[in-house]
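As provided, protein_23.pdb (PDB, C-alpha atoms) reads as follows.
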ATOM      1  CA  MET A   1      13.194  11.993 -27.963
ATOM      2  CA  THR A   2       9.578  12.349 -29.146
ATOM      3  CA  THR A   3       7.936  15.625 -28.197
ATOM      4  CA  SER A   4       4.999  15.037 -25.873
ATOM      5  CA  PRO A   5       1.891  17.225 -25.543
ATOM      6  CA  TYR A   6       2.909  17.364 -21.893
ATOM      7  CA  GLN A   7       6.313  18.903 -22.661
ATOM      8  CA  PRO A   8       5.638  22.114 -20.659
ATOM      9  CA  GLN A   9       4.833  20.082 -17.545
ATOM     10  CA  LEU A  10       7.858  17.862 -18.127
ATOM     11  CA  GLU A  11      10.240  20.813 -18.409
ATOM     12  CA  LEU A  12       8.849  22.443 -15.280
ATOM     13  CA  ALA A  13       9.156  19.200 -13.317
ATOM     14  CA  LYS A  14      12.787  18.779 -14.391
ATOM     15  CA  ASP A  15      13.666  22.348 -13.440
ATOM     16  CA  ALA A  16      11.957  21.983 -10.061
ATOM     17  CA  ALA A  17      13.694  18.662  -9.397
ATOM     18  CA  LEU A  18      17.125  20.130 -10.104
ATOM     19  CA  LYS A  19      16.463  23.076  -7.786
ATOM     20  CA  ALA A  20      15.228  20.650  -5.136
ATOM     21  CA  GLY A  21      18.414  18.656  -5.496
ATOM     22  CA  GLU A  22      20.484  21.720  -4.671
ATOM     23  CA  ILE A  23      18.584  22.184  -1.415
ATOM     24  CA  ILE A  24      18.899  18.520  -0.478
ATOM     25  CA  ARG A  25      22.622  18.418  -1.152
ATOM     26  CA  SER A  26      23.143  21.535   0.959
ATOM     27  CA  TYR A  27      22.128  19.557   4.045
ATOM     28  CA  CYS A  28      24.778  16.944   3.396
ATOM     29  CA  SER A  29      27.752  19.058   2.271
ATOM     30  CA  HIS A  30      30.871  20.029   4.156
ATOM     31  CA  GLY A  31      30.597  17.183   6.601
ATOM     32  CA  ILE A  32      27.147  18.114   7.891
ATOM     33  CA  GLY A  33      25.817  15.108   9.752
ATOM     34  CA  ARG A  34      22.483  13.644  10.715
ATOM     35  CA  SER A  35      21.836  16.089  13.557
ATOM     36  CA  SER A  36      21.645  19.066  11.137
ATOM     37  CA  LYS A  37      18.509  17.814   9.390
ATOM     38  CA  ASN A  38      16.031  18.598  12.219
ATOM     39  CA  VAL A  39      14.298  15.214  12.143
ATOM     40  CA  THR A  40      10.719  14.749  13.325
ATOM     41  CA  VAL A  41       8.878  11.453  13.737
ATOM     42  CA  LYS A  42       5.544  11.493  11.876
ATOM     43  CA  SER A  43       4.423   8.077  13.106
ATOM     44  CA  GLY A  44       6.159   4.863  14.107
ATOM     45  CA  VAL A  45       9.481   4.929  12.259
ATOM     46  CA  ASP A  46       8.255   7.318   9.538
ATOM     47  CA  LEU A  47      10.381  10.485   9.485
ATOM     48  CA  VAL A  48      10.202  14.036   8.141
ATOM     49  CA  THR A  49      12.958  16.662   8.061
ATOM     50  CA  GLU A  50      13.314  20.389   7.618
ATOM     51  CA  ALA A  51      14.586  19.687   4.103
ATOM     52  CA  ASP A  52      11.338  17.884   3.166
ATOM     53  CA  THR A  53       9.234  20.920   3.978
ATOM     54  CA  ARG A  54      11.658  23.404   2.360
ATOM     55  CA  VAL A  55      11.792  21.417  -0.863
ATOM     56  CA  GLU A  56       8.031  20.962  -1.055
ATOM     57  CA  LYS A  57       7.403  24.677  -0.539
ATOM     58  CA  MET A  58       9.828  25.496  -3.333
ATOM     59  CA  ILE A  59       8.336  22.992  -5.793
ATOM     60  CA  THR A  60       4.795  24.070  -4.955
ATOM     61  CA  GLY A  61       5.698  27.694  -5.587
ATOM     62  CA  LEU A  62       7.180  26.954  -9.010
ATOM     63  CA  ILE A  63       4.112  24.963 -10.059
ATOM     64  CA  LYS A  64       1.727  27.698  -8.892
ATOM     65  CA  ASP A  65       3.653  30.305 -10.868
ATOM     66  CA  GLU A  66       3.365  28.353 -14.133
ATOM     67  CA  PHE A  67       0.065  26.496 -13.657
ATOM     68  CA  PRO A  68      -1.944  28.493 -11.103
ATOM     69  CA  ASN A  69      -5.173  26.567 -11.658
ATOM     70  CA  ASP A  70      -3.693  23.097 -11.149
ATOM     71  CA  LEU A  71      -4.136  21.127  -7.938
ATOM     72  CA  ILE A  72      -1.020  20.150  -6.004
ATOM     73  CA  ILE A  73      -0.908  17.118  -3.736
ATOM     74  CA  GLY A  74       2.264  16.785  -1.693
ATOM     75  CA  GLU A  75       3.434  14.438   1.005
ATOM     76  CA  GLU A  76       4.036  17.124   3.607
ATOM     77  CA  ASP A  77       1.540  19.653   4.929
ATOM     78  CA  GLN A  78       3.031  22.527   2.960
ATOM     79  CA  ALA A  79       1.213  21.674  -0.273
ATOM     80  CA  ASP A  80      -2.308  23.005  -0.916
ATOM     81  CA  SER A  81      -3.892  19.575  -1.295
ATOM     82  CA  PRO A  82      -7.444  18.285  -1.401
ATOM     83  CA  ASN A  83      -7.918  15.925   1.519
ATOM     84  CA  GLY A  84      -8.777  12.320   0.853
ATOM     85  CA  GLU A  85      -9.362   9.255   2.985
ATOM     86  CA  GLN A  86      -7.721   5.870   2.524
ATOM     87  CA  GLY A  87      -8.770   4.463  -0.853
ATOM     88  CA  ASP A  88     -10.508   7.595  -2.155
ATOM     89  CA  PRO A  89      -9.932   8.203  -5.889
ATOM     90  CA  PHE A  90      -7.861  11.121  -7.082
ATOM     91  CA  PRO A  91      -9.479  14.210  -8.616
ATOM     92  CA  LYS A  92      -9.825  14.116 -12.392
ATOM     93  CA  GLU A  93      -8.638  17.658 -13.107
ATOM     94  CA  SER A  94      -5.041  18.665 -13.766
ATOM     95  CA  CYS A  95      -3.090  17.657 -10.695
ATOM     96  CA  TRP A  96       0.526  17.450  -9.504
ATOM     97  CA  CYS A  97       1.739  14.815  -7.071
ATOM     98  CA  VAL A  98       4.957  15.721  -5.230
ATOM     99  CA  ASP A  99       7.252  13.803  -2.916
ATOM    100  CA  PRO A 100       9.982  16.278  -1.924
ATOM    101  CA  ILE A 101      12.292  13.599  -0.546
ATOM    102  CA  ASP A 102      11.386   9.996  -1.204
ATOM    103  CA  GLY A 103      13.622   7.995   1.083
ATOM    104  CA  THR A 104      13.676  10.383   4.045
ATOM    105  CA  THR A 105      15.078   7.738   6.384
ATOM    106  CA  ASN A 106      17.883   7.145   3.893
ATOM    107  CA  PHE A 107      18.483  10.899   3.781
ATOM    108  CA  VAL A 108      18.694  11.107   7.568
ATOM    109  CA  HIS A 109      21.301   8.340   7.571
ATOM    110  CA  ASN A 110      23.228   9.775   4.583
ATOM    111  CA  TYR A 111      22.344   6.689   2.531
ATOM    112  CA  PRO A 112      22.243   7.819  -1.103
ATOM    113  CA  PHE A 113      18.971   6.220  -2.272
ATOM    114  CA  VAL A 114      17.125   9.543  -2.067
ATOM    115  CA  ALA A 115      14.951  11.072  -4.766
ATOM    116  CA  VAL A 116      12.754  14.033  -5.614
ATOM    117  CA  SER A 117       9.594  12.725  -7.270
ATOM    118  CA  ILE A 118       7.252  14.949  -9.290
ATOM    119  CA  GLY A 119       4.301  13.548 -11.205
ATOM    120  CA  TYR A 120       1.615  15.239 -13.273
ATOM    121  CA  MET A 121      -1.857  13.782 -13.853
ATOM    122  CA  GLU A 122      -4.886  14.426 -16.007
ATOM    123  CA  GLY A 123      -8.095  12.473 -15.669
ATOM    124  CA  GLY A 124      -6.672  10.747 -12.611
ATOM    125  CA  ILE A 125      -3.943   9.138 -14.760
ATOM    126  CA  PRO A 126      -0.217   9.927 -14.405
ATOM    127  CA  ARG A 127       1.010  11.546 -17.633
ATOM    128  CA  VAL A 128       4.432  12.968 -16.661
ATOM    129  CA  GLY A 129       7.038  11.620 -14.296
ATOM    130  CA  VAL A 130      10.342  13.106 -13.165
ATOM    131  CA  VAL A 131      12.525  11.520 -10.491
ATOM    132  CA  TYR A 132      15.900  13.005  -9.590
ATOM    133  CA  ASN A 133      18.554  11.586  -7.277
ATOM    134  CA  PRO A 134      20.762  14.547  -6.315
ATOM    135  CA  PHE A 135      23.545  12.364  -4.923
ATOM    136  CA  THR A 136      24.074  10.291  -8.077
ATOM    137  CA  ASP A 137      22.959  13.152 -10.368
ATOM    138  CA  SER A 138      20.482  10.786 -12.029
ATOM    139  CA  MET A 139      17.586  12.472 -13.815
ATOM    140  CA  TYR A 140      14.815  10.080 -14.847
ATOM    141  CA  GLU A 141      12.106  11.571 -17.034
ATOM    142  CA  ALA A 142       9.096  10.427 -19.006
ATOM    143  CA  ALA A 143       6.000  11.911 -20.578
ATOM    144  CA  GLU A 144       3.126   9.901 -21.992
ATOM    145  CA  GLY A 145       3.929   8.712 -25.494
ATOM    146  CA  GLY A 146       7.505   9.977 -25.449
ATOM    147  CA  GLY A 147       9.542   7.145 -23.931
ATOM    148  CA  ALA A 148      11.568   7.047 -20.705
ATOM    149  CA  PHE A 149      15.046   8.521 -20.270
ATOM    150  CA  LEU A 150      17.925   8.595 -17.812
ATOM    151  CA  ASN A 151      20.174  11.632 -18.219
ATOM    152  CA  GLY A 152      18.987  11.995 -21.803
ATOM    153  CA  LYS A 153      19.463   8.365 -22.861
ATOM    154  CA  GLN A 154      16.443   6.174 -23.533
ATOM    155  CA  ILE A 155      15.896   3.318 -21.088
ATOM    156  CA  THR A 156      13.912   0.087 -21.137
ATOM    157  CA  ILE A 157      12.923  -2.538 -18.607
ATOM    158  CA  ASP A 158      14.666  -5.889 -18.078
ATOM    159  CA  SER A 159      12.898  -7.837 -20.810
ATOM    160  CA  ASP A 160      14.857 -11.040 -20.123
ATOM    161  CA  ALA A 161      13.364 -11.706 -16.702
ATOM    162  CA  SER A 162      10.397 -14.056 -16.999
ATOM    163  CA  SER A 163      10.040 -15.597 -13.538
ATOM    164  CA  VAL A 164      11.338 -15.308  -9.972
ATOM    165  CA  LYS A 165      14.226 -17.588 -10.936
ATOM    166  CA  ASN A 166      15.835 -14.977 -13.177
ATOM    167  CA  CYS A 167      14.518 -11.934 -11.332
ATOM    168  CA  LEU A 168      16.389  -9.334  -9.308
ATOM    169  CA  LEU A 169      13.576  -8.176  -7.055
ATOM    170  CA  VAL A 170      13.475  -4.999  -4.996
ATOM    171  CA  ASN A 171      10.952  -4.978  -2.147
ATOM    172  CA  ASN A 172      10.416  -2.248   0.426
ATOM    173  CA  ILE A 173       8.774  -3.303   3.694
ATOM    174  CA  GLY A 174       7.671   0.177   4.733
ATOM    175  CA  HIS A 175       7.430   1.724   8.190
ATOM    176  CA  TYR A 176       4.639  -0.392   9.736
ATOM    177  CA  ARG A 177       5.660  -2.595  12.655
ATOM    178  CA  TYR A 178       2.335  -4.213  13.475
ATOM    179  CA  GLU A 179       2.874  -7.895  14.212
ATOM    180  CA  ASP A 180       0.487  -9.150  11.518
ATOM    181  CA  PHE A 181       2.051  -6.864   8.919
ATOM    182  CA  VAL A 182       5.597  -7.898   9.825
ATOM    183  CA  GLU A 183       4.707 -11.602   9.782
ATOM    184  CA  GLU A 184       2.999 -11.365   6.408
ATOM    185  CA  SER A 185       5.896  -9.376   4.918
ATOM    186  CA  ALA A 186       8.483 -11.875   6.168
ATOM    187  CA  GLU A 187       6.449 -14.836   4.927
ATOM    188  CA  ARG A 188       6.228 -13.281   1.473
ATOM    189  CA  VAL A 189      10.016 -12.971   1.244
ATOM    190  CA  LYS A 190      10.361 -16.609   2.332
ATOM    191  CA  LYS A 191       8.025 -17.680  -0.499
ATOM    192  CA  TRP A 192      10.116 -15.886  -3.102
ATOM    193  CA  LEU A 193      13.370 -17.314  -1.784
ATOM    194  CA  LYS A 194      11.991 -20.852  -1.627
ATOM    195  CA  ALA A 195      10.812 -20.471  -5.230
ATOM    196  CA  GLY A 196      14.404 -19.798  -6.303
ATOM    197  CA  LEU A 197      14.498 -15.991  -6.456
ATOM    198  CA  ARG A 198      17.764 -14.870  -8.079
ATOM    199  CA  GLY A 199      18.288 -11.816  -5.874
ATOM    200  CA  TYR A 200      16.551  -9.678  -3.264
ATOM    201  CA  ARG A 201      17.151  -5.973  -2.581
ATOM    202  CA  ALA A 202      15.526  -3.245  -0.470
ATOM    203  CA  SER A 203      16.383   0.399  -1.182
ATOM    204  CA  GLY A 204      13.988   2.359   1.023
ATOM    205  CA  SER A 205      12.744   4.546  -1.849
ATOM    206  CA  ALA A 206       9.689   3.614  -3.904
ATOM    207  CA  ALA A 207      10.418   6.254  -6.536
ATOM    208  CA  GLN A 208      13.999   5.043  -6.920
ATOM    209  CA  ASN A 209      12.785   1.436  -7.184
ATOM    210  CA  LEU A 210      10.452   2.294 -10.045
ATOM    211  CA  CYS A 211      13.279   4.123 -11.805
ATOM    212  CA  HIS A 212      15.534   1.100 -11.447
ATOM    213  CA  VAL A 213      12.800  -1.068 -12.951
ATOM    214  CA  ALA A 214      12.389   1.380 -15.846
ATOM    215  CA  SER A 215      16.137   1.348 -16.541
ATOM    216  CA  GLY A 216      16.417  -2.452 -16.289
ATOM    217  CA  GLN A 217      18.734  -2.312 -13.263
ATOM    218  CA  VAL A 218      16.263  -4.451 -11.334
ATOM    219  CA  SER A 219      13.676  -6.791 -12.828
ATOM    220  CA  CYS A 220      10.702  -6.151 -10.574
ATOM    221  CA  TYR A 221       9.537  -3.977  -7.676
ATOM    222  CA  TYR A 222       6.969  -5.170  -5.139
ATOM    223  CA  GLU A 223       5.583  -3.312  -2.148
ATOM    224  CA  HIS A 224       2.456  -3.823  -0.086
ATOM    225  CA  GLY A 225       2.055  -0.577   1.809
ATOM    226  CA  TYR A 226       3.885   2.182  -0.030
ATOM    227  CA  GLY A 227       3.509   5.489   1.813
ATOM    228  CA  GLY A 228       1.152   7.300  -0.537
ATOM    229  CA  PRO A 229       0.435   8.187  -4.164
ATOM    230  CA  TRP A 230       3.340  10.661  -4.244
ATOM    231  CA  ASP A 231       5.677   7.668  -3.877
ATOM    232  CA  VAL A 232       4.611   6.073  -7.156
ATOM    233  CA  CYS A 233       2.952   8.671  -9.402
ATOM    234  CA  ALA A 234       6.061   9.760 -11.313
ATOM    235  CA  GLY A 235       7.638   6.302 -11.367
ATOM    236  CA  MET A 236       4.526   4.758 -12.890
ATOM    237  CA  VAL A 237       4.983   6.871 -16.004
ATOM    238  CA  LEU A 238       8.635   5.893 -16.244
ATOM    239  CA  VAL A 239       7.977   2.151 -16.038
ATOM    240  CA  LYS A 240       5.132   2.214 -18.552
ATOM    241  CA  GLU A 241       7.083   4.340 -21.023
ATOM    242  CA  ALA A 242      10.019   1.928 -20.627
ATOM    243  CA  GLY A 243       7.823  -1.003 -21.682
ATOM    244  CA  GLY A 244       6.661  -2.348 -18.331
ATOM    245  CA  VAL A 245       3.446  -2.787 -16.404
ATOM    246  CA  VAL A 246       2.476  -1.292 -13.045
ATOM    247  CA  TRP A 247      -0.127  -3.426 -11.329
ATOM    248  CA  ASP A 248      -1.893  -3.412  -7.997
ATOM    249  CA  ALA A 249      -0.178  -6.158  -5.982
ATOM    250  CA  ARG A 250      -3.529  -7.239  -4.565
ATOM    251  CA  GLY A 251      -4.617  -8.653  -7.907
ATOM    252  CA  VAL A 252      -3.354  -9.981 -11.232
ATOM    253  CA  GLU A 253      -3.359  -7.791 -14.336
ATOM    254  CA  ILE A 254      -5.061  -4.951 -12.459
ATOM    255  CA  ASP A 255      -3.503  -1.610 -13.355
ATOM    256  CA  LEU A 256      -2.545   0.427 -10.313
ATOM    257  CA  GLU A 257      -4.938   3.344  -9.828
ATOM    258  CA  MET A 258      -4.042   6.605  -8.142
ATOM    259  CA  LYS A 259      -5.836   6.753  -4.815
ATOM    260  CA  PHE A 260      -5.279   8.477  -1.508
ATOM    261  CA  GLY A 261      -3.555   6.585   1.273
ATOM    262  CA  LYS A 262      -1.293   3.571   1.248
ATOM    263  CA  GLY A 263      -1.299   1.141  -1.618
ATOM    264  CA  SER A 264       0.228  -1.950  -3.165
ATOM    265  CA  VAL A 265       2.339  -2.120  -6.290
ATOM    266  CA  CYS A 266       4.167  -4.610  -8.467
ATOM    267  CA  ALA A 267       6.059  -3.260 -11.476
ATOM    268  CA  GLY A 268       8.261  -4.730 -14.194
ATOM    269  CA  GLY A 269       7.858  -6.803 -17.339
ATOM    270  CA  ARG A 270       4.496  -8.522 -17.659
ATOM    271  CA  ALA A 271       5.853 -12.072 -17.360
ATOM    272  CA  VAL A 272       8.016 -11.529 -14.294
ATOM    273  CA  VAL A 273       5.356  -9.453 -12.517
ATOM    274  CA  THR A 274       2.829 -12.214 -13.100
ATOM    275  CA  ASP A 275       5.141 -14.818 -11.545
ATOM    276  CA  VAL A 276       6.214 -12.630  -8.618
ATOM    277  CA  LEU A 277       2.559 -12.067  -7.734
ATOM    278  CA  LYS A 278       1.697 -15.749  -8.175
ATOM    279  CA  VAL A 279       4.435 -16.844  -5.783
ATOM    280  CA  ALA A 280       3.689 -14.118  -3.238
ATOM    281  CA  GLY A 281      -0.034 -14.759  -3.071
ATOM    282  CA  LYS A 282      -2.604 -12.077  -2.360
ATOM    283  CA  PRO A 283      -1.692  -9.862   0.635
ATOM    284  CA  THR A 284      -4.278  -9.863   3.404
ATOM    285  CA  PHE A 285      -3.161  -6.944   5.580
ATOM    286  CA  GLU A 286      -5.623  -4.092   5.025
ATOM    287  CA  PHE A 287      -4.918  -0.393   5.390
ATOM    288  CA  SER A 288      -7.314   2.062   6.977
ATOM    289  CA  GLY A 289      -7.258   5.687   8.055
ATOM    290  CA  GLY A 290      -5.680   4.825  11.375
ATOM    291  CA  LYS A 291      -3.511   1.946  10.230
TER     292      LYS A 291
END

Mind converting the file's structure to structure tokens?
Amino acid sequence: MTTSPYQPQLELAKDAALKAGEIIRSYCSHGIGRSSKNVTVKSGVDLVTEADTRVEKMITGLIKDEFPNDLIIGEEDQADSPNGEQGDPFPKESCWCVDPIDGTTNFVHNYPFVAVSIGYMEGGIPRVGVVYNPFTDSMYEAAEGGGAFLNGKQITIDSDASSVKNCLLVNNIGHYRYEDFVEESAERVKKWLKAGLRGYRASGSAAQNLCHVASGQVSCYYEHGYGGPWDVCAGMVLVKEAGGVVWDARGVEIDLEMKFGKGSVCAGGRAVVTDVLKVAGKPTFEFSGGK
């Protein structure tokens, strides 16, 4: 494993993720069921739990202790975050992007695609990514220039996939239920299937999807409408360090940029990403502050 100039941030993120995992598992041990998680509806079918806020407070505290001058942007209200509107660029200074539980709906239903996602950025670019699934004890880590690893073993993308026909695609739909969004999402899946897509999956966790792309377990990840930058910041580093590309799904060969609000992503090997986007066509549903 090559030592990265971002090794201190990487080690802190790993330590925080492991501690977060202990908290998350505590809500699901000894037969504790869904009712113990104190679930709140944020909007539509988007959920938040007591565990989300506890984990984010803990991670935020650890970061502040080690890097007191860094910004912290978290999914829940507990993080001291600069506010940004839909589409606003991220600050250029040292900044952490935290999703305490990516896959909260999965967590509520005891479905094990749940991950802690911690990313570190400089100059508005993700430099460090750590994603930890406490239920499978899978620690994904990457720092710029150092490669991507799963539990200490180097990982690479699925380099054999070159088109939808030999692609295992993972695609989250998200929590929107607007009629135009649902229709467009369903039509996109139909296009892939009609083009001969090898396999279709939906995990409910953007961070986990990006990890599975980085490790070659799936060929490509597509989502128009991921929840926010905390969903993808850490995973972007993993995919790139594993040899893949992370593009904005609204264009071709446009690197995904970290911005506030919902976004669109397509990640995997260059060839398969290009074909997945070509078949899908450009999404037309637009996100705004209230939608």

Original post:
Expanded to explicit residues, what is the PyMOL selection byres ((chain A and resi 85) around 9) for this file, as a list of chain:residue names?
Top reply: A:Asn83, A:Gly84, A:Gln86, A:Gly87, A:Asp88, A:Pro89, A:Lys259, A:Phe260, A:Gly261, A:Ser288, A:Gly289

Expected file: the selected residues, C-alpha atoms, as a tab-separated table (two decimals), in the coordinates of the input:
chain	number	residue	atom	x	y	z
A	83	ASN	CA	-7.92	15.92	1.52
A	84	GLY	CA	-8.78	12.32	0.85
A	86	GLN	CA	-7.72	5.87	2.52
A	87	GLY	CA	-8.77	4.46	-0.85
A	88	ASP	CA	-10.51	7.60	-2.15
A	89	PRO	CA	-9.93	8.20	-5.89
A	259	LYS	CA	-5.84	6.75	-4.82
A	260	PHE	CA	-5.28	8.48	-1.51
A	261	GLY	CA	-3.56	6.58	1.27
A	288	SER	CA	-7.31	2.06	6.98
A	289	GLY	CA	-7.26	5.69	8.06

Subject >> Test item: the PyMOL selection byres ((chain A and resi 58) around 10) resolved as a PyMOL selection string >> reply: chain A and resi 16-17+19-20+23+53-57+59-63+78-79+100

Subject >> Near-Asn171 of chain A list (7 Å; all atoms listed in the file; drop same-chain fewer than 4 positions) as a PyMOL selection string >> reply: chain A and resi 201-202+221-223

**OP:** List the residues sitting within 12 Å of (15.6, -0.6, -10.8) in the file's frame, using all atoms listed in the file, as a PyMOL selection string.
**Re:** chain A and resi 113+140+150+155-158+167-171+200-203+205-222+235+238-239+242+244+267-269

Original post:
With only C-alpha atoms as the basis for distance, which of A:Asp137, A:Asp70, A:Glu50, A:Glu257 is at the shortest distance from Gly228 of chain A?
Top reply: A:Glu257

**OP:** Using only C-alpha atoms, determine which residues lie at most 8 Å from segment 90-94 of chain A, disregarding the query and same-chain residues fewer than 3 positions distant; provide the list as a PyMOL selection string.
**Re:** chain A and resi 70-71+120-124+258-260

Original post:
Pick from A:Asn166, A:Gln9, A:Thr284, A:Ser138: nearest to Arg188 of chain A, with all atoms listed in the file counted?
Top reply: A:Thr284

Original post:
Counting all atoms listed in the file, which of A:Val276, A:Ile24, A:Ile118, A:Ala13 gets nearest to Glu66 of chain A?
Top reply: A:Ala13

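The closest residue to Lys191 of chain A, picked from A:Ala115, A:Val164, A:Met236, A:Leu256 and counting all atoms listed in the file, is A:Val164.
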
**OP:** Let me know the residues the PyMOL selection byres ((chain A and resi 139) around 9) catches in the file above, as JSON, numbers by chain.
**Re:** {"A": [14, 17, 18, 130, 131, 132, 133, 134, 136, 137, 138, 140, 141, 149, 150, 151, 152]}

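Relative to atom CA of Gly204 of chain A, atom CA of Thr104 of chain A is found at 8.6 Å.
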
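Nearest-residue note for Gly174 of chain A: choosing from A:Gly146, A:Gly103, A:Pro112, A:Gly199, the minimum distance belongs to A:Gly103, counting only C-alpha atoms.
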
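Nearest-residue note for Trp192 of chain A: choosing from A:Gly21, A:Pro68, A:Pro5, A:Gly281, the minimum distance belongs to A:Gly281, counting all atoms listed in the file.
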
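Straight-line separation from atom CA of Lys282 of chain A to atom CA of Arg250 of chain A: 5.4 Å.
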
**OP:** Can you pull out every residue within 12 Å of Val182 of chain A, counting all atoms listed in the file, but drop anything in the same chain fewer than 3 positions away, and send it as a PyMOL selection string?
**Re:** chain A and resi 172-179+185-189+224-225+283-285

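Between atom CA of Cys266 of chain A and atom CA of Val245 of chain A there is a distance of 8.2 Å.
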